[in-house]
Structure formats: structure tokens, C-alpha cells
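First comes the structure, then the notes that go with it.
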Amino acid sequence: MHSSVIEAGRDTSSTMGADDRPAASPRPFAGVADAVVPRFVDTLLRHRDELHGVLTRVATAQAANDELFRSLGALSGAPWELLRNAPRRLGRLATFLPSNNLLYSYVLFGVIPSLYTDEVRIRPSARVAPAAMAVHEILGPHLRGTGAGRIVMEPVSQKRFLADCARSDAVVFTGQPDNGRAVAAELPGDALLLTFGSGPNPLVVGPGADPDAVCRTVLDARLYNSGQDCLCTDIVFVHRSLVREVVPRLTGALAAIRVGERGDPATRVAPLVYPDAVQDAAGFLHTYREFTVHGGRVDPAAGVVEPTLLHLPWQDAFHPPEFFSPVVLTMEYDDPRQITRWLHSAEERARGMYVSVFGEPALTGATRIATSVVCEERITFDVEDGNRPFGGYGPLAGSVHRNGTATGRPLLLSAEAAAGTGR
């Protein structure tokens, strides 16, 4: 693991006191963005192959390519984002980098905030720290002298990083909600904390859906990076009238899925990065083995979960786990009111993120159901935009903490940094 620290941005010769936050400086954001964005886009393109090699340590080649293009898109939209939200200047931002989407997260929670922050301190996830540090070592030096704030990444202990958080104007946390609450307890009351979690992101296949098209859509929603993404769909509700058409099509499609190495461009499913995800999948598949339609085999030594399909009858009280593996779970429904009732349950109101609706007119026309944002004829990966608020209104899916209150809502750091400024 690398232990050196690269500081991207202007040099700072003075030493900060333990209780001091970096002094904010009044640089115009538009000028900084205009200077930084084109140069950094060029840097990403010039180092594309090198970055791809790093990203495929934890992602499939397909997901790594998508991540690169999403990063370019978010960078290109940064000037518009800052002009639209007019965030106040931050002295320091502390970021807990997630264990996936390393490049995209580095751009969202490092590079773009550096346009209005004097210093961004990043703690990579211990699970993927060498890969995260490699991304920083490739890109970090190219921010020097651009006028952006410096970016510091260190694989330090959580205890030490919490001390940095306590001296920061804003903190971005990505991880389990319980850990997010623990971070909140360590911060001063006026600090801004954004906690990004996850949700089941259900997908509804209504009676009006096209079976062939929706099956391709289900696999796109479930198998992104072998299923290792918080935007992946964990449950698919299929109307009874389409079950006999959809389930066999999904079975055939999963049987044809390419399982191989992450670096192979043809690979759709690769060995999982996290051993506990393999163990959790194995436990779930064993418990629900009677509902297995296809697959179900797990190789813990190789870290491979076979692309698997399970089909369950309707169960009001069933709430799927976050699989983080290539498990497709369908559940039959008769009436859209069943889904509405399910989304209004206490469990799903707490973790409401997105709900994708195909061919079910009774669930369209509203922007959200309970705490879940409705995506009409689109999946989560279609609507996700790095320059717009992310997620739904479930407090476990994402929330903003400040002055002793926590509010679940879609999150975008630049928008939250503008709150209370009168803009």
C-alpha cells in the first residue's frame, strides 16, 4: 500500500494548527472551473489506458469504460453545476471514498469540490486503498497550479480521519448508515455532513411492458459491474400476466452471460471484489434455494457467484438485501397497489432511493412514491447525473446532517454548500 501523500493544487508552506480550518479565499468559481475542467478532461483522456488498468482491479472492463465516460461527463458539467448552485467557499472538505467507482467518486467528491474548496482530504476505503491511491497518483499532480484547491489522499485509520472531519466545513460519507451516524456524532454542530447510502431500487415490469426489451433492461439494471453497485436493482416486480414470458427469457439470457476475468471486454460477470458479498449471496441462495430458477452455484475460493435467477410469490413482508452480486430476484404481483403499499412500508420508506417503472401506468405520473423517486421507462443508471442531486428521500439511502438534524433527500454537495447563503 502506498503511504506517500500527493497534494494536488497550489503549495501551502504554512503549518495549520490542530484546531484551524484552512482560510477560505475569494476566488471566482467560474474562472477556476474554466481553467481546470478542460485541462483535467485532457488529462483523463491522455491517461485513459493507465486508468483503465487500475479500475479493472475492482471493476469489469465494461464498467470501467462506463465510469470513465461518466467522469468526463461530470467534469464537463461542472461549470454549469457551480453556476446553477453558487456554493459558498469551503475551507476544508473531508471525504470517505467508497470502495467502488473509484475514478467517478474521485471526480465527484474530490476534483469538482476542489473548484470551491481550499483543501479536500480523502480517505480511501481500506478494501481498495492501493487502487484508489493509484488513481490519485495518476491524476493528482495534474491539478497543481490550476487554481483549484489541493487534494490530499491518505489511507489513514478511521479514528485519525475523524479528527480531520471535526476540523472540516463539510464531510462526505459513503457507507453503512450506522457508521454514518457515528461520524455525525464526532462533528461540530455547524459542520455539513452528507451521508450516501443505498436502496433496493426496485424495477416494476407491468402488463404493458415489452418482454424482450424489459429483460435486457433488467440485466442492465442488475449486472452492472457484476452487480457491485448501489444503483443496481435488488428486486424486480413482474405482473402475473407477464411471468410466463419474462422468467423464461431471463433464464435464457442469464445462461448466456459471459463469466470471466475483469479485464476481458466480453466479461459481464467477474469474481467479486468483496469476500463478504460472496458469503452473503451464498447464504441467501441457500435460504431461498427452493425458489431458484437458474444458477445458484457459488465458488467462495474463486469469489464467483454464478448469474442466478430466483422467482418468489408475492410477500408483503419481504425486503431484499443489497446483493452486490449477480443475483436477479423477481417477485410476482397482481395489483399495483401491492407495490405502492410495499413502498410505503416502514422499511422501504427508510431506504427509498429509486423505483423504475415499465408498462405500469398506475405507478406513473408522480415524481415519487413514498420516499422513492419514480423513473418512468428508465433505470437508475439512465437517470444518474453527477451534476444533479443523487438518490431519493429515504434517510438510509442518503441524508444531510446539520445543526443536530438529519433530512433524507437527493444529495449534491454544491447545492448543500449553498444552503443558508440566501442563494
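Chains: A, B, ... in order of the C-alpha cells. Residues: from 1 per chain. Ligands: from 1, in order shown.
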Exercise. If you count only C-alpha atoms, which residues fall within 7 Å of A:Thr117, apart from same-chain ones fewer than 6 positions away, as a list in words?
Worked result: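 Listing them by chain and then by number gives Arg89, Leu90, Gly91, Arg92, Leu93 and Gly149 of chain A.
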Exercise. If you count only C-alpha atoms, which residues fall within 6 Å of A:Ala170, apart from same-chain ones fewer than 3 positions away, as a list in words?
Worked result: Leu93, Ala191, Leu192 and Leu193 of chain A
For those residues, write N, CA, C and O atoms to a file as a PDB file, in the first residue's frame.
ATOM      1  N   LEU A  93     -12.859  20.158   2.994  1.00  0.00           N
ATOM      2  CA  LEU A  93     -13.821  19.081   2.815  1.00  0.00           C
ATOM      3  C   LEU A  93     -13.123  17.774   3.136  1.00  0.00           C
ATOM      4  O   LEU A  93     -11.992  17.536   2.695  1.00  0.00           O
ATOM      5  N   ALA A 191     -21.099  21.776  11.289  1.00  0.00           N
ATOM      6  CA  ALA A 191     -20.490  21.104  10.144  1.00  0.00           C
ATOM      7  C   ALA A 191     -21.575  20.507   9.254  1.00  0.00           C
ATOM      8  O   ALA A 191     -22.632  20.083   9.721  1.00  0.00           O
ATOM      9  N   LEU A 192     -21.305  20.479   7.964  1.00  0.00           N
ATOM     10  CA  LEU A 192     -22.224  19.907   6.985  1.00  0.00           C
ATOM     11  C   LEU A 192     -21.786  18.479   6.692  1.00  0.00           C
ATOM     12  O   LEU A 192     -20.638  18.243   6.303  1.00  0.00           O
ATOM     13  N   LEU A 193     -22.689  17.508   6.898  1.00  0.00           N
ATOM     14  CA  LEU A 193     -22.389  16.099   6.623  1.00  0.00           C
ATOM     15  C   LEU A 193     -23.384  15.546   5.627  1.00  0.00           C
ATOM     16  O   LEU A 193     -24.603  15.641   5.841  1.00  0.00           O
TER      17      LEU A 193
END
For this session: Can you work out the spacing between atom CA of A:Ile369 and atom CA of A:Asp178 in Å, to one decimal?
Result: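 Computing it gives 25.1 Å between the two atoms.
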I'd like the neighbourhood of stretch 265-270 of chain A as a PDB file with N, CA, C and O atoms, in the first residue's frame, where a residue qualifies if any of its atoms comes within 6 Å (using only C-alpha atoms), though same-chain residues fewer than 6 positions away should be ignored.
ATOM      1  N   ALA A  61     -14.240  -4.595 -17.270  1.00  0.00           N
ATOM      2  CA  ALA A  61     -13.811  -3.659 -18.307  1.00  0.00           C
ATOM      3  C   ALA A  61     -14.985  -2.813 -18.791  1.00  0.00           C
ATOM      4  O   ALA A  61     -14.837  -1.616 -19.055  1.00  0.00           O
ATOM      5  N   SER A 226     -20.916  -6.643 -12.359  1.00  0.00           N
ATOM      6  CA  SER A 226     -21.248  -7.923 -11.693  1.00  0.00           C
ATOM      7  C   SER A 226     -22.261  -7.738 -10.567  1.00  0.00           C
ATOM      8  O   SER A 226     -22.361  -8.582  -9.676  1.00  0.00           O
ATOM      9  N   ARG A 258     -21.515 -14.055 -20.089  1.00  0.00           N
ATOM     10  CA  ARG A 258     -20.087 -14.393 -20.074  1.00  0.00           C
ATOM     11  C   ARG A 258     -19.516 -14.151 -18.680  1.00  0.00           C
ATOM     12  O   ARG A 258     -19.555 -13.039 -18.160  1.00  0.00           O
ATOM     13  N   VAL A 259     -18.972 -15.208 -18.068  1.00  0.00           N
ATOM     14  CA  VAL A 259     -18.297 -15.111 -16.776  1.00  0.00           C
ATOM     15  C   VAL A 259     -16.806 -15.265 -17.034  1.00  0.00           C
ATOM     16  O   VAL A 259     -16.370 -16.250 -17.644  1.00  0.00           O
TER      17      VAL A 259
END
Give me, as a tab-separated table, each residue of stretch 229-276 of chain A that comes within 7 Å of stretch 307-325 of chain A, together with its shortest interatomic pair and the distance in Å at one decimal, counting only C-alpha atoms, with rows ordered by chain and rising residue number.
residue	atom	partner	partner_atom	distance
A:Asp229	CA	A:Phe324	CA	6.4
A:Asp234	CA	A:Glu322	CA	6.3
A:Ile235	CA	A:Pro320	CA	6.7
A:Thr251	CA	A:Leu309	CA	6.8
A:Leu254	CA	A:Pro307	CA	6.0
For this session: Could you please determine the separation between atom CA of A:Arg249 and atom CA of A:Val218 in Å, to one decimal place?
Result: 10.9 Å
For this session: Compile the contact shell of A:Ala131 as a PyMOL selection string: residues with an atom at most 10 Å away, counting only C-alpha atoms, same-chain residues fewer than 3 positions apart removed.
Result: chain A and resi 1-2+51+53-58+99+102-103+124-125+127-128+134-137
Go ahead and save the picked residues with N, CA, C and O atoms, as a PDB file, in the first residue's frame.
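Generated file (selection.pdb):
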ATOM      1  N   MET A   1       0.850  -1.205   0.000  1.00  0.00           N
ATOM      2  CA  MET A   1       0.000   0.000   0.000  1.00  0.00           C
ATOM      3  C   MET A   1       0.874   1.238   0.000  1.00  0.00           C
ATOM      4  O   MET A   1       1.865   1.321   0.732  1.00  0.00           O
ATOM      5  N   HIS A   2       0.528   2.197  -0.832  1.00  0.00           N
ATOM      6  CA  HIS A   2       1.296   3.439  -0.864  1.00  0.00           C
ATOM      7  C   HIS A   2       1.038   4.253   0.396  1.00  0.00           C
ATOM      8  O   HIS A   2      -0.074   4.357   0.865  1.00  0.00           O
ATOM      9  N   LEU A  51      -5.542   4.453 -16.471  1.00  0.00           N
ATOM     10  CA  LEU A  51      -6.649   4.438 -15.520  1.00  0.00           C
ATOM     11  C   LEU A  51      -7.483   3.170 -15.673  1.00  0.00           C
ATOM     12  O   LEU A  51      -7.915   2.575 -14.684  1.00  0.00           O
ATOM     13  N   GLY A  53      -6.484   0.285 -16.560  1.00  0.00           N
ATOM     14  CA  GLY A  53      -5.768  -0.814 -15.917  1.00  0.00           C
ATOM     15  C   GLY A  53      -5.944  -0.819 -14.407  1.00  0.00           C
ATOM     16  O   GLY A  53      -6.028  -1.890 -13.781  1.00  0.00           O
ATOM     17  N   VAL A  54      -6.019   0.373 -13.799  1.00  0.00           N
ATOM     18  CA  VAL A  54      -6.240   0.467 -12.358  1.00  0.00           C
ATOM     19  C   VAL A  54      -7.679   0.098 -12.003  1.00  0.00           C
ATOM     20  O   VAL A  54      -7.937  -0.674 -11.072  1.00  0.00           O
ATOM     21  N   LEU A  55      -8.613   0.635 -12.754  1.00  0.00           N
ATOM     22  CA  LEU A  55     -10.024   0.409 -12.434  1.00  0.00           C
ATOM     23  C   LEU A  55     -10.418  -1.054 -12.557  1.00  0.00           C
ATOM     24  O   LEU A  55     -11.280  -1.536 -11.809  1.00  0.00           O
ATOM     25  N   THR A  56      -9.831  -1.783 -13.487  1.00  0.00           N
ATOM     26  CA  THR A  56     -10.193  -3.184 -13.655  1.00  0.00           C
ATOM     27  C   THR A  56      -9.617  -4.086 -12.555  1.00  0.00           C
ATOM     28  O   THR A  56      -9.836  -5.287 -12.575  1.00  0.00           O
ATOM     29  N   ARG A  57      -8.949  -3.494 -11.607  1.00  0.00           N
ATOM     30  CA  ARG A  57      -8.611  -4.264 -10.391  1.00  0.00           C
ATOM     31  C   ARG A  57      -9.882  -4.517  -9.569  1.00  0.00           C
ATOM     32  O   ARG A  57      -9.952  -5.488  -8.814  1.00  0.00           O
ATOM     33  N   VAL A  58     -10.864  -3.626  -9.706  1.00  0.00           N
ATOM     34  CA  VAL A  58     -12.080  -3.737  -8.889  1.00  0.00           C
ATOM     35  C   VAL A  58     -13.354  -3.681  -9.711  1.00  0.00           C
ATOM     36  O   VAL A  58     -14.451  -3.761  -9.152  1.00  0.00           O
ATOM     37  N   SER A  99     -15.801   2.167  -1.968  1.00  0.00           N
ATOM     38  CA  SER A  99     -14.924   1.092  -2.417  1.00  0.00           C
ATOM     39  C   SER A  99     -15.174   0.697  -3.860  1.00  0.00           C
ATOM     40  O   SER A  99     -14.538  -0.235  -4.361  1.00  0.00           O
ATOM     41  N   LEU A 102     -14.169   4.154  -8.303  1.00  0.00           N
ATOM     42  CA  LEU A 102     -13.075   4.925  -7.721  1.00  0.00           C
ATOM     43  C   LEU A 102     -12.793   6.217  -8.486  1.00  0.00           C
ATOM     44  O   LEU A 102     -12.606   7.275  -7.879  1.00  0.00           O
ATOM     45  N   LEU A 103     -12.752   6.140  -9.805  1.00  0.00           N
ATOM     46  CA  LEU A 103     -12.475   7.337 -10.596  1.00  0.00           C
ATOM     47  C   LEU A 103     -13.636   8.318 -10.535  1.00  0.00           C
ATOM     48  O   LEU A 103     -13.449   9.523 -10.312  1.00  0.00           O
ATOM     49  N   PRO A 124      -9.352   6.774   1.407  1.00  0.00           N
ATOM     50  CA  PRO A 124      -9.847   5.674   0.587  1.00  0.00           C
ATOM     51  C   PRO A 124     -10.337   4.527   1.449  1.00  0.00           C
ATOM     52  O   PRO A 124      -9.893   4.346   2.590  1.00  0.00           O
ATOM     53  N   SER A 125     -11.271   3.748   0.914  1.00  0.00           N
ATOM     54  CA  SER A 125     -11.719   2.547   1.614  1.00  0.00           C
ATOM     55  C   SER A 125     -10.544   1.595   1.781  1.00  0.00           C
ATOM     56  O   SER A 125      -9.756   1.378   0.852  1.00  0.00           O
ATOM     57  N   ARG A 127     -10.505  -1.458   1.799  1.00  0.00           N
ATOM     58  CA  ARG A 127     -10.625  -2.623   0.919  1.00  0.00           C
ATOM     59  C   ARG A 127      -9.913  -2.424  -0.411  1.00  0.00           C
ATOM     60  O   ARG A 127      -9.439  -3.384  -1.015  1.00  0.00           O
ATOM     61  N   VAL A 128      -9.905  -1.192  -0.892  1.00  0.00           N
ATOM     62  CA  VAL A 128      -9.364  -0.930  -2.225  1.00  0.00           C
ATOM     63  C   VAL A 128      -8.367   0.220  -2.203  1.00  0.00           C
ATOM     64  O   VAL A 128      -8.165   0.900  -3.214  1.00  0.00           O
ATOM     65  N   ALA A 134      -3.653   4.668  -6.503  1.00  0.00           N
ATOM     66  CA  ALA A 134      -3.103   4.673  -7.859  1.00  0.00           C
ATOM     67  C   ALA A 134      -3.835   5.689  -8.738  1.00  0.00           C
ATOM     68  O   ALA A 134      -3.213   6.388  -9.541  1.00  0.00           O
ATOM     69  N   VAL A 135      -5.167   5.779  -8.593  1.00  0.00           N
ATOM     70  CA  VAL A 135      -5.929   6.788  -9.337  1.00  0.00           C
ATOM     71  C   VAL A 135      -5.439   8.187  -8.961  1.00  0.00           C
ATOM     72  O   VAL A 135      -5.214   9.044  -9.831  1.00  0.00           O
ATOM     73  N   HIS A 136      -5.260   8.407  -7.679  1.00  0.00           N
ATOM     74  CA  HIS A 136      -4.803   9.729  -7.209  1.00  0.00           C
ATOM     75  C   HIS A 136      -3.394  10.045  -7.705  1.00  0.00           C
ATOM     76  O   HIS A 136      -3.096  11.190  -8.086  1.00  0.00           O
ATOM     77  N   GLU A 137      -2.526   9.040  -7.719  1.00  0.00           N
ATOM     78  CA  GLU A 137      -1.150   9.275  -8.166  1.00  0.00           C
ATOM     79  C   GLU A 137      -1.075   9.584  -9.657  1.00  0.00           C
ATOM     80  O   GLU A 137      -0.176  10.300 -10.107  1.00  0.00           O
TER      81      GLU A 137
END
Exercise. Within 8 Å of A:Glu348, counting only C-alpha atoms, which residues qualify if same-chain residues fewer than 5 places away don't, as a VMD selection string?
Worked result: chain A and resid 319 342 to 343 371 394
Residues just named, written with C-alpha atoms as a tab-separated table (two decimals), in the first residue's frame:
chain	number	residue	atom	x	y	z
A	319	HIS	CA	-37.45	-6.84	1.84
A	342	TRP	CA	-44.76	-2.12	-0.13
A	343	LEU	CA	-43.01	1.17	-0.94
A	371	THR	CA	-39.57	8.18	-0.43
A	394	GLY	CA	-35.13	7.64	2.40
For this session: Mind listing the strand (DSSP E or B) residues of stretch 48-147 of chain A, per DSSP on the backbone, as a list in words?
Result: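 Result set for stretch 48-147 of chain A (strand (DSSP E or B)): Leu90, Gly91, Arg92, Leu93, Ala94, Thr95, Phe96, Thr117, Asp118, Glu119, Val120, Arg121, Ile122 and Arg123 of chain A.
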For this session: Write out as a list in words each polymer residue whose atoms come within 12 Å of A:Arg181, counting only C-alpha atoms; drop sequence neighbours fewer than 6 positions from it.
Result: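 Counting only the stated atoms, we get Phe173, Thr174, Gly175, Leu187, Leu193, Leu194, Thr195, Phe196, Gly197, Pro395, Leu396, Gly398, Ser399, Val400, His401, Gly404, Thr405 and Ala406 of chain A.
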Output C-alpha atoms of each residue in that selection to a file, as a compact mmCIF listing (two decimals), in the first residue's frame.
# COMPACT_ATOMS: atom_id res chain seq x y z
CA PHE A 173 -19.55 9.84 3.96
CA THR A 174 -20.24 6.82 1.77
CA GLY A 175 -21.01 3.59 3.59
CA LEU A 187 -18.63 16.54 14.19
CA LEU A 193 -22.39 16.10 6.62
CA LEU A 194 -23.71 14.26 3.58
CA THR A 195 -24.20 10.51 4.04
CA PHE A 196 -24.64 8.45 0.88
CA GLY A 197 -26.15 5.00 1.44
CA PRO A 395 -32.81 8.62 5.26
CA LEU A 396 -30.85 5.36 4.93
CA GLY A 398 -28.93 9.45 1.67
CA SER A 399 -29.29 12.33 4.09
CA VAL A 400 -27.90 15.72 5.01
CA HIS A 401 -26.94 16.41 8.63
CA GLY A 404 -28.48 18.36 15.02
CA THR A 405 -30.98 17.49 12.31
CA ALA A 406 -30.84 14.82 9.59
Cut-off 9 Å: closest stretch 109-132 of chain A/stretch 75-86 of chain A atom pairs per residue, using only C-alpha atoms, as JSON lines:
{"residue": "A:Val111", "atom": "CA", "partner": "A:Leu75", "partner_atom": "CA", "distance": 8.3}
{"residue": "A:Ile112", "atom": "CA", "partner": "A:Ala78", "partner_atom": "CA", "distance": 6.5}
{"residue": "A:Leu115", "atom": "CA", "partner": "A:Leu82", "partner_atom": "CA", "distance": 8.7}
{"residue": "A:Tyr116", "atom": "CA", "partner": "A:Leu82", "partner_atom": "CA", "distance": 8.6}
Let me see the file: selected residues, C-alpha atoms, as a short mmCIF file (atom, residue, chain, number, x, y, z; two decimals), in the first residue's frame.
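part.cif, freshly written:
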data_model
loop_
_atom_site.label_atom_id
_atom_site.label_comp_id
_atom_site.auth_asym_id
_atom_site.auth_seq_id
_atom_site.Cartn_x
_atom_site.Cartn_y
_atom_site.Cartn_z
CA VAL A 111 -11.97 17.25 -8.23
CA ILE A 112 -15.28 19.12 -8.61
CA LEU A 115 -13.17 24.16 -7.52
CA TYR A 116 -14.78 25.82 -4.49
#
Exercise. Between atom CA of A:Val357 and atom CA of A:Glu377, what is the distance, to one decimal in Å?
Worked result: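 Atom-to-atom, atom CA of A:Val357 and atom CA of A:Glu377 are spaced 5.7 Å apart.
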